[in-house]
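Visitor: Sharing a structure here in structure tokens format.
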2 protein chains.
Amino acid sequence: MRSNKDRRESALLENGWVRIIPLGGLGEIGLNMFVVETADDMVVIDAGLMFPDEEMLGIDLVIPDFSYLLEHRAKLRGLILTHGHEDHTGSLPFLLKELPIPVYGTPLSLGLAAEKIREQNLEADLRQVVPRESFHLGSLQVECMRVCHSIPDGVGVALETPAGLVVHAGDFKFDPTPVDGQLTDYHKFAELGDRGVLVLLSDSTNALRPGFTPSERTVGQALEEIFRTARRRIIVACFASHIHRIQQVLEVAARMGRKVAVHGKSMTTTTRIAADTGYLKVPPGVLVRLDELSSLSPGETVIIATGSQGEPLSAIARMAAGEHKQIEITPGDTVIFSARVIPGNEKSIARTINQLLRRGAEVVTEELAPVHVSGHPCQEELKLMLNLTRPKFFVPIHGEYRHRHHHAKLAAAVGIAPDHICLAENGDILEFTPDKGGVVGTVGGGRVFVDGKGVGDVGDAVLRERQHLARDGMVVVVIGLHPQTRAVVTGPEIISRGFIHLQDQEVLFDAAKRLVNEVLMGCPEEERMETAVLKENVKATLRKYIQKTFDRRPMILPVIIEMEGVTHDKAEFMVPSE
Amino acid sequence: MRSNKDRRESALLENGWVRIIPLGGLGEIGLNMFVVETADDMVVIDAGLMFPDEEMLGIDLVIPDFSYLLEHRAKLRGLILTHGHEDHTGSLPFLLKELPIPVYGTPLSLGLAAEKIREQNLEADLRQVVPRESFHLGSLQVECMRVCHSIPDGVGVALETPAGLVVHAGDFKFDPTPVDGQLTDYHKFAELGDRGVLVLLSDSTNALRPGFTPSERTVGQALEEIFRTARRRIIVACFASHIHRIQQVLEVAARMGRKVAVHGKSMTTTTRIAADTGYLKVPPGVLVRLDELSSLSPGETVIIATGSQGEPLSAIARMAAGEHKQIEITPGDTVIFSARVIPGNEKSIARTINQLLRRGAEVVTEELAPVHVSGHPCQEELKLMLNLTRPKFFVPIHGEYRHRHHHAKLAAAVGIAPDHICLAENGDILEFTPDKGGVVGTVGGGRVFVDGKGVGDVGDAVLRERQHLARDGMVVVVIGLHPQTRAVVTGPEIISRGFIHLQDQEVLFDAAKRLVNEVLMGCPEEERMETAVLKENVKATLRKYIQKTFDRRPMILPVIIEMEGVTHDKAEFMVPSE
């Protein structure tokens, strides 16, 4: 940990201190992980994962850098999950592999986490928390409280530290009429505010949106309208984790006399876990298997599937492309996109919608009817959370800079002192005492790329190579040189991939070969001795030629082989030296 | 031209026919090009260009396939430009290179086209049209009429054909209070409707949006509000072609006593052309050079720049990244994104906004204030166009399928017979007589990729190679075999790019090399004779190993060299055979 100002000494042993270190959660959405550290203990909140953006070529996943946790494993007491979403639990298996610490969470969150852990053939010490029942992690007293979100069983976390109360509000919304009747715990947040909250960390996702997020129940009403007028089969695309959304689909279907099949691995897994743990209450007789639907008339069926983001291999995308083995879209089918558009997915969703329309389906999106509401709080709810908890210090989290920046403005508007509002970055060490708070240093670290089975072995250098390859392809030049004389024995032979069409290659490569030959012939002997120098010359010559002729910059890879000679003409890759 | 039903004979010589062939313009936005063909003549409307989406790796531009025009050059009379936007003029140089036909357009459209043509060192026969003044192209009588859009001097096109009136409405909106006082020609469209319109082609971009598009003037009002409260410098990001937007910025600045500098090559070029042709009326004394701004106080300055899409090399992006040589963002500066978010650019725009906020700038977007309005018509305007022109047949254009699909619904709602509404695809031949209309065949063709200097030489195969390279990189295996015995003389040597970090390569490649050696040793002689078979075996072995060990699939390129032997050990790439 590189600390700019070492404040340990001035930690005011009589008052205590607490450090909050975001290892992820400030910046691009995803990758949430907050460390809460005191003199004797350390606790982690959430272990998120992020999906790569389009520049991270070939990368499968992005996880936070756990180095700081590894360095302080002796005082690390456990990990608390606020809820079961991927961006809060996805890196758990990677973390537990290196740090087998106890994991605390509500039943559904643990159930979903257990599934991930089992998939990686790991074991874990999972400990259930009950909202409003406090427990200890080391010497820290911890209490969780219910919050509404787009997945059930979400909680906020309150930690009593030597410096004061730290409250992490979780991902929340103030839904006044939640589908499962479990309100966000207004009273507990108010009580914490009365006790005195030192630091509040709150969800900035919708900080740019005025007003209140509508209740989840409004979606049920919109679905009912659509179900009433739909002539044939209804297909609902939503996130597998959105149990309350699925709940409402089941209820509306039951009311309308339709049967529902849940389709797709993540969908069936998650609904199974939710039903087993009592979070999904399935109306009797409404759920059937996919193959059972064919015996019903289309007007009596509903399918719930994944693919709301137009992901190429998802059920919905395959249906749209006509490639789904069991489900064929027929004119008159209604497809409802009951989810938000995750930024970056606009084109794949549009493509899927266009394909569905071409197949004669009706398509309903958030644009046309209120078939989705957010799980995050808008401006009025953010102000409510601030006014209930009345924190001394405030750290907006879970959002890009522009969201957190605006959340900071809201906090100032409700009376938080501007110099008590911390706009930090991942890796910053935020230190708080009863009187002071702010960034005191940084732990460094950052993001770790996971590609296939490799964790952290693909770094920026490899990514840059992939980006170069992606842009203009690659050209391999193979040259055989005599080991002593370094005369050109064979080649240069030029092979390319992703550069130019095979048919056009020949003529153009002949020209390139002549050029490289000239370079090699005209190369002073001492340079020909130095293979590295030779390669650079060949590279430079080819690069210039290709840039001039094609205005492209493929990656150029010269390969030099030392060889005595070639004895016959029927060589596969040979151009006999002239 | 592959015609499914040959209707030439039944062309009803007494009634006449007209064919409309979209070579682009139906589908992804961009690439607009419509062919209007009669027995004796052919005319092209627009010559658009599209920017590649993220799967078209390394591609610079996408243009339509002109093959049909080349096949019928004898009857091709000319090209008409509806307006000066890139997606209607961008492929003009490529077209004119092969087909030097006359180009008709309004002054600003021709002025912008001339700039493009000059940049490619071409010449062109540019002919100015005057709205409401008809002219002939071959035996076709053509008349253009003014339409409002997000660029001045836009027109729709009416062509009198043997079958009847064909009306292409251009890109339009019904702005009731246009900045330049030039209304969309309600009266001409009404007159055409009275004469009797056979086919209408109309702009579907905003067909999913209810209501009316607000007037361009409302942006001026919003800008005034922001200018009034802005403390320091104001930077406005907008499209260089949005002359009326720039006009309003200049006027508001003049009223507020601020000077304006226009910055960026396309911005300065376009404003120059617009000012010279009288389309931009610069208030006296308000426009200054960028370097003159430094002598003014920040509260007296405005900069208009490109970069509203967060394009990496644009002025705004460089300012946000702190890499702009002349302009440094200082706290209190206000940056206004006075443009829409083109789908696909959400992340680059967000990144730029976050960077600007970090530098202490205030950022205003369409989300926070009405600083942008569309140039395309919403639902009520689309219905107005339909009701004024009262066409017999209707072809929704300029939109993805979902937009055109909904535009078709609007047309049915106002009374166009559903079987007279054509939802076509690019390349379809739409044939109309006074009584019948519909798709009669297809000309094939599609999109042509432009990469660097190559037009059409990068096809799907090369793109797939680039996508493979992008995902997991490339591994080159070099093996030297004795020409007669085909024993392994040297190698396998393994080199990779974009696959794995250099440091991690050695250990892992040793394992891979052993594996490939085993394959080669164990290879029956007849297979070793067949180099192609050998390469396949090596490829398959390596692929399996890499997949199993790394869970990745780099492109594998085996290179086999025939060679006698290696005489010394100090070879650069050699592993002496064991």
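In the structure tokens, the first chain shown is A, the next is B, and so on; residue numbers restart at 1 for each chain, and ligands run from 1 in the order shown.
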Per DSSP on the backbone, what are the helix (DSSP H, G or I) residues of range 164-352 of chain A, as a PDB file with C-alpha atoms, in the first residue's frame?
Guide:
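Below is the file that was written, states08.pdb:
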ATOM      1  CA  TYR A 186     -37.152   2.762   6.019  1.00  0.00           C
ATOM      2  CA  HIS A 187     -37.302   2.383   9.789  1.00  0.00           C
ATOM      3  CA  LYS A 188     -33.875   0.818  10.162  1.00  0.00           C
ATOM      4  CA  PHE A 189     -32.245   3.463   7.972  1.00  0.00           C
ATOM      5  CA  ALA A 190     -34.010   6.099  10.057  1.00  0.00           C
ATOM      6  CA  GLU A 191     -32.796   4.440  13.246  1.00  0.00           C
ATOM      7  CA  LEU A 192     -29.233   4.400  11.958  1.00  0.00           C
ATOM      8  CA  GLY A 193     -29.593   8.070  11.151  1.00  0.00           C
ATOM      9  CA  ASP A 194     -30.722   8.703  14.713  1.00  0.00           C
ATOM     10  CA  ARG A 195     -27.749   6.772  16.113  1.00  0.00           C
ATOM     11  CA  ARG A 217     -45.876  -3.684  -9.761  1.00  0.00           C
ATOM     12  CA  THR A 218     -46.452  -1.270 -12.650  1.00  0.00           C
ATOM     13  CA  VAL A 219     -44.760  -3.771 -14.924  1.00  0.00           C
ATOM     14  CA  GLY A 220     -47.299  -6.399 -13.934  1.00  0.00           C
ATOM     15  CA  GLN A 221     -50.070  -4.030 -14.973  1.00  0.00           C
ATOM     16  CA  ALA A 222     -48.431  -3.385 -18.341  1.00  0.00           C
ATOM     17  CA  LEU A 223     -47.942  -7.121 -18.876  1.00  0.00           C
ATOM     18  CA  GLU A 224     -51.609  -7.748 -18.138  1.00  0.00           C
ATOM     19  CA  GLU A 225     -52.609  -5.277 -20.841  1.00  0.00           C
ATOM     20  CA  ILE A 226     -50.388  -6.987 -23.397  1.00  0.00           C
ATOM     21  CA  PHE A 227     -51.413 -10.501 -22.377  1.00  0.00           C
ATOM     22  CA  ARG A 228     -55.032  -9.497 -22.787  1.00  0.00           C
ATOM     23  CA  THR A 229     -54.653  -8.462 -26.433  1.00  0.00           C
ATOM     24  CA  ILE A 243     -37.380 -13.221  -9.757  1.00  0.00           C
ATOM     25  CA  HIS A 244     -40.131 -10.663  -9.136  1.00  0.00           C
ATOM     26  CA  ARG A 245     -40.457 -10.035 -12.852  1.00  0.00           C
ATOM     27  CA  ILE A 246     -40.818 -13.756 -13.422  1.00  0.00           C
ATOM     28  CA  GLN A 247     -43.250 -13.887 -10.502  1.00  0.00           C
ATOM     29  CA  GLN A 248     -45.477 -11.326 -12.162  1.00  0.00           C
ATOM     30  CA  VAL A 249     -45.343 -13.095 -15.512  1.00  0.00           C
ATOM     31  CA  LEU A 250     -46.442 -16.310 -13.806  1.00  0.00           C
ATOM     32  CA  GLU A 251     -49.275 -14.564 -11.982  1.00  0.00           C
ATOM     33  CA  VAL A 252     -50.585 -12.722 -15.032  1.00  0.00           C
ATOM     34  CA  ALA A 253     -50.342 -15.910 -17.099  1.00  0.00           C
ATOM     35  CA  ALA A 254     -52.285 -17.825 -14.454  1.00  0.00           C
ATOM     36  CA  ARG A 255     -54.984 -15.146 -14.448  1.00  0.00           C
ATOM     37  CA  LYS A 265     -29.918 -22.868 -18.485  1.00  0.00           C
ATOM     38  CA  SER A 266     -29.486 -19.761 -16.306  1.00  0.00           C
ATOM     39  CA  MET A 267     -33.225 -19.173 -16.324  1.00  0.00           C
ATOM     40  CA  THR A 268     -34.083 -22.697 -15.174  1.00  0.00           C
ATOM     41  CA  THR A 269     -31.263 -22.796 -12.620  1.00  0.00           C
ATOM     42  CA  THR A 270     -32.143 -19.479 -11.034  1.00  0.00           C
ATOM     43  CA  THR A 271     -35.879 -20.101 -10.926  1.00  0.00           C
ATOM     44  CA  ARG A 272     -35.225 -23.489  -9.383  1.00  0.00           C
ATOM     45  CA  ILE A 273     -33.071 -21.985  -6.635  1.00  0.00           C
ATOM     46  CA  ALA A 274     -35.623 -19.214  -6.083  1.00  0.00           C
ATOM     47  CA  ALA A 275     -38.548 -21.626  -5.938  1.00  0.00           C
ATOM     48  CA  ASP A 276     -36.688 -23.974  -3.584  1.00  0.00           C
ATOM     49  CA  LEU A 290     -41.024 -26.534 -22.819  1.00  0.00           C
ATOM     50  CA  ASP A 291     -41.966 -29.678 -24.701  1.00  0.00           C
ATOM     51  CA  GLU A 292     -45.376 -29.719 -23.025  1.00  0.00           C
ATOM     52  CA  LEU A 293     -46.283 -26.432 -24.653  1.00  0.00           C
ATOM     53  CA  SER A 294     -46.667 -27.961 -28.080  1.00  0.00           C
ATOM     54  CA  SER A 295     -49.801 -29.746 -26.986  1.00  0.00           C
ATOM     55  CA  PRO A 298     -50.448 -20.802 -28.995  1.00  0.00           C
ATOM     56  CA  GLY A 299     -52.888 -18.481 -27.278  1.00  0.00           C
ATOM     57  CA  GLU A 300     -52.438 -20.518 -24.103  1.00  0.00           C
ATOM     58  CA  ALA A 315     -32.531 -18.243 -26.746  1.00  0.00           C
ATOM     59  CA  ILE A 316     -34.176 -15.092 -28.086  1.00  0.00           C
ATOM     60  CA  ALA A 317     -31.365 -14.408 -30.553  1.00  0.00           C
ATOM     61  CA  ARG A 318     -31.529 -17.951 -31.856  1.00  0.00           C
ATOM     62  CA  MET A 319     -35.286 -17.722 -32.246  1.00  0.00           C
ATOM     63  CA  ALA A 320     -34.886 -14.441 -34.099  1.00  0.00           C
ATOM     64  CA  ALA A 321     -32.297 -15.967 -36.404  1.00  0.00           C
ATOM     65  CA  GLU A 346     -28.060  -1.199 -28.430  1.00  0.00           C
ATOM     66  CA  LYS A 347     -27.107  -2.672 -31.791  1.00  0.00           C
ATOM     67  CA  SER A 348     -27.438  -6.335 -30.908  1.00  0.00           C
ATOM     68  CA  ILE A 349     -30.868  -5.662 -29.409  1.00  0.00           C
ATOM     69  CA  ALA A 350     -31.948  -3.672 -32.476  1.00  0.00           C
ATOM     70  CA  ARG A 351     -30.746  -6.466 -34.753  1.00  0.00           C
ATOM     71  CA  THR A 352     -32.733  -9.038 -32.793  1.00  0.00           C
TER      72      THR A 352
END
Visitor: What are the nearest atom pairs, with distances in Å to one decimal, for all residues of chain A that come at most 8 Å from chain B, using only C-alpha atoms, set out by chain and rising residue number as CSV?
Guide:
residue,atom,partner,partner_atom,distance
A:Glu54,CA,B:Glu54,CA,7.7
A:Leu57,CA,B:Arg471,CA,5.3
A:Gly58,CA,B:Arg471,CA,3.7
A:Ile59,CA,B:Arg471,CA,7.5
A:Pro343,CA,B:Glu346,CA,6.6
A:Gly344,CA,B:Gly344,CA,6.7
A:Glu346,CA,B:Pro343,CA,6.6
A:Lys347,CA,B:Gly344,CA,6.7
A:Ile353,CA,B:Arg402,CA,7.0
A:Asn354,CA,B:Arg402,CA,5.3
A:Leu357,CA,B:Arg402,CA,6.7
A:Arg358,CA,B:Tyr401,CA,7.5
A:Glu400,CA,B:Asn354,CA,7.2
A:Tyr401,CA,B:Asn354,CA,5.3
A:Arg402,CA,B:Asn354,CA,5.3
A:His405,CA,B:Leu357,CA,7.7
A:Asp451,CA,B:Arg552,CA,7.4
A:Gly452,CA,B:Asp551,CA,4.4
A:Lys453,CA,B:Phe550,CA,4.9
A:Gly454,CA,B:Phe550,CA,6.1
A:Asp457,CA,B:His501,CA,6.0
A:Val458,CA,B:Ile500,CA,5.9
A:Gly459,CA,B:His501,CA,7.1
A:Ala461,CA,B:His501,CA,7.4
A:Val462,CA,B:Gly498,CA,4.7
A:Leu463,CA,B:Gly498,CA,6.4
A:Arg464,CA,B:Gly498,CA,7.4
A:Glu465,CA,B:Gly498,CA,4.6
A:Arg466,CA,B:Gly498,CA,4.7
A:Gln467,CA,B:Ala470,CA,6.2
A:Leu469,CA,B:Leu469,CA,5.9
A:Ala470,CA,B:Ala470,CA,4.6
A:Arg471,CA,B:Gly58,CA,3.7
A:Asp472,CA,B:Gly58,CA,5.4
A:Gly473,CA,B:Arg466,CA,5.7
A:Pro483,CA,B:Thr567,CA,7.4
A:Arg497,CA,B:Glu465,CA,6.3
A:Gly498,CA,B:Glu465,CA,4.6
A:Phe499,CA,B:Val462,CA,6.5
A:Ile500,CA,B:Val458,CA,5.9
A:His501,CA,B:Asp457,CA,6.0
A:Asp504,CA,B:Asp457,CA,7.4
A:Thr531,CA,B:Glu572,CA,7.1
A:Thr549,CA,B:Lys453,CA,7.3
A:Phe550,CA,B:Lys453,CA,5.0
A:Asp551,CA,B:Gly452,CA,4.5
A:Arg552,CA,B:Gly452,CA,5.6
A:Ile560,CA,B:Phe573,CA,7.0
A:Ile561,CA,B:Phe573,CA,6.4
A:Glu562,CA,B:Ala571,CA,6.4
A:Met563,CA,B:Val566,CA,5.8
A:Glu564,CA,B:Glu564,CA,6.1
A:Gly565,CA,B:Glu564,CA,6.2
A:Val566,CA,B:Met563,CA,5.8
A:Thr567,CA,B:Pro483,CA,7.3
A:His568,CA,B:Pro483,CA,7.5
A:Ala571,CA,B:Glu562,CA,6.5
A:Glu572,CA,B:Thr531,CA,7.1
A:Phe573,CA,B:Ile561,CA,6.5
A:Met574,CA,B:Ile561,CA,7.4
Visitor: Could you write out the selected residues, including C-alpha atoms, as a compact mmCIF listing (two decimals), in the first residue's frame?
Guide:
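Below you can see selection-v5.txt, which holds the result:
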# COMPACT_ATOMS: atom_id res chain seq x y z
CA GLU A 54 -15.35 -4.09 -27.21
CA LEU A 57 -10.51 -8.26 -27.51
CA GLY A 58 -10.90 -11.90 -26.65
CA ILE A 59 -11.20 -11.22 -22.94
CA PRO A 343 -25.16 0.41 -22.62
CA GLY A 344 -23.17 -1.17 -25.43
CA GLU A 346 -28.06 -1.20 -28.43
CA LYS A 347 -27.11 -2.67 -31.79
CA ILE A 353 -35.85 -6.88 -32.84
CA ASN A 354 -35.57 -6.37 -36.61
CA LEU A 357 -40.37 -8.32 -36.78
CA ARG A 358 -39.32 -9.83 -40.09
CA GLU A 400 -19.56 6.26 -13.58
CA TYR A 401 -17.97 9.55 -12.66
CA ARG A 402 -20.84 11.55 -14.17
CA HIS A 405 -20.66 13.66 -9.66
CA ASP A 451 -9.19 -15.04 -20.73
CA GLY A 452 -10.15 -18.68 -20.94
CA LYS A 453 -8.31 -20.38 -18.11
CA GLY A 454 -5.75 -17.67 -17.70
CA ASP A 457 -1.80 -13.36 -18.09
CA VAL A 458 -3.38 -11.27 -20.79
CA GLY A 459 -2.34 -7.72 -20.08
CA ALA A 461 0.51 -5.58 -24.30
CA VAL A 462 -1.33 -8.65 -25.54
CA LEU A 463 -4.53 -6.66 -25.95
CA ARG A 464 -2.71 -4.14 -28.07
CA GLU A 465 -1.41 -6.94 -30.25
CA ARG A 466 -4.93 -8.23 -30.70
CA GLN A 467 -6.19 -4.78 -31.57
CA LEU A 469 -4.31 -7.88 -35.60
CA ALA A 470 -7.97 -7.00 -35.61
CA ARG A 471 -7.47 -3.82 -37.53
CA ASP A 472 -5.38 -4.94 -40.45
CA GLY A 473 -4.47 -8.60 -39.97
CA PRO A 483 24.25 -19.92 -41.70
CA ARG A 497 -4.14 -13.72 -42.56
CA GLY A 498 -6.87 -11.13 -42.17
CA PHE A 499 -5.03 -8.80 -44.50
CA ILE A 500 -6.22 -9.26 -48.01
CA HIS A 501 -8.31 -11.70 -50.02
CA ASP A 504 -5.64 -10.73 -54.76
CA THR A 531 19.39 -11.31 -37.29
CA THR A 549 0.08 0.43 -51.75
CA PHE A 550 -2.86 -0.50 -49.54
CA ASP A 551 -2.95 2.23 -46.90
CA ARG A 552 -3.05 -0.50 -44.26
CA ILE A 560 14.39 -16.12 -40.28
CA ILE A 561 15.60 -19.69 -40.61
CA GLU A 562 19.19 -20.71 -41.03
CA MET A 563 19.58 -23.41 -43.64
CA GLU A 564 22.16 -24.90 -45.94
CA GLY A 565 20.17 -25.12 -49.09
CA VAL A 566 17.30 -26.54 -51.05
CA THR A 567 17.87 -29.60 -53.19
CA HIS A 568 14.74 -29.92 -55.27
CA ALA A 571 9.05 -27.46 -52.18
CA GLU A 572 5.80 -26.44 -50.65
CA PHE A 573 6.64 -23.00 -49.57
CA MET A 574 9.79 -22.40 -51.52
Visitor: Pick out the residues sitting within 8 Å of range 81-94 of chain B, and hand them over as a ChimeraX atom specification; count only C-alpha atoms, and ignore anything fewer than 4 positions along from it in its own chain.
Guide: /B:29-33,45-50,63-64,98,103-106,108-110,112-113,116-117,120,122,151-157,170-171,241
Visitor: Name the closest residue to Phe509 in chain A among the candidates A:Gly360, A:Ala487, A:Ser150, A:Glu493; distances are taken between atoms, counting only C-alpha atoms.
Guide: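 Selected residue with least distance to Phe509 in chain A: A:Glu493.
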Visitor: Quick one: pick out all strand (DSSP E) residues within range 217-386 of chain A from a backbone DSSP run and write them as a list in words.
Guide: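 Strand (DSSP E) members of range 217-386 of chain A, listed: Ile234, Ile235, Val236, Ala237, Lys259, Val260, Ala261, Val262, His263, Leu287, Val288, Thr301, Val302, Ile303, Ile304, Ala305, Thr334, Val335, Ile336, Phe337, Glu362, Val363 and Val364 of chain A.
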Visitor: Name all residues at most 12 Å from Glu518 in chain B (count only C-alpha atoms; drop same-chain ones fewer than 5 positions away) and give them as a ChimeraX atom specification.
Guide: /B:488,491-492,511-513,523-524,537-538,541-542,578
Visitor: Might you pull out every residue within 8 Å of range 16-22 of chain B, with only C-alpha atoms counted and same-chain residues fewer than 6 positions away left off, and present them as a ChimeraX atom specification?
Guide: /B:32-39,161-163,425-434
Visitor: Include C-alpha atoms and write out the residues we just selected as an mmCIF file, in the first residue's frame.
Guide:
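See selection.cif below for the written result:
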data_model
loop_
_atom_site.group_PDB
_atom_site.id
_atom_site.type_symbol
_atom_site.label_atom_id
_atom_site.label_comp_id
_atom_site.auth_asym_id
_atom_site.auth_seq_id
_atom_site.Cartn_x
_atom_site.Cartn_y
_atom_site.Cartn_z
ATOM 1 C CA ASN B 32 -28.652 5.661 -49.113
ATOM 2 C CA MET B 33 -28.953 5.107 -52.844
ATOM 3 C CA PHE B 34 -32.157 4.730 -54.811
ATOM 4 C CA VAL B 35 -32.418 3.925 -58.475
ATOM 5 C CA VAL B 36 -35.468 5.055 -60.460
ATOM 6 C CA GLU B 37 -35.705 3.261 -63.768
ATOM 7 C CA THR B 38 -38.117 3.460 -66.675
ATOM 8 C CA ALA B 39 -37.999 1.898 -70.135
ATOM 9 C CA THR B 161 -42.636 8.780 -65.089
ATOM 10 C CA PRO B 162 -44.734 6.929 -67.681
ATOM 11 C CA ALA B 163 -46.453 5.081 -64.823
ATOM 12 C CA GLU B 425 -34.921 -4.896 -48.762
ATOM 13 C CA ASN B 426 -31.836 -3.445 -50.408
ATOM 14 C CA GLY B 427 -31.438 -4.892 -53.871
ATOM 15 C CA ASP B 428 -35.152 -5.579 -54.380
ATOM 16 C CA ILE B 429 -36.717 -4.459 -57.653
ATOM 17 C CA LEU B 430 -39.958 -2.647 -56.867
ATOM 18 C CA GLU B 431 -42.058 -2.319 -59.976
ATOM 19 C CA PHE B 432 -45.087 -0.059 -60.264
ATOM 20 C CA THR B 433 -47.696 0.488 -62.921
ATOM 21 C CA PRO B 434 -50.725 2.722 -62.478
#
Visitor: For range 231-239 of chain B, work out the shell of residues within 7 Å, counting only C-alpha atoms and skipping chain neighbours fewer than 3 positions away, then give it as a ChimeraX atom specification.
Guide: /B:242,298-308,332-339
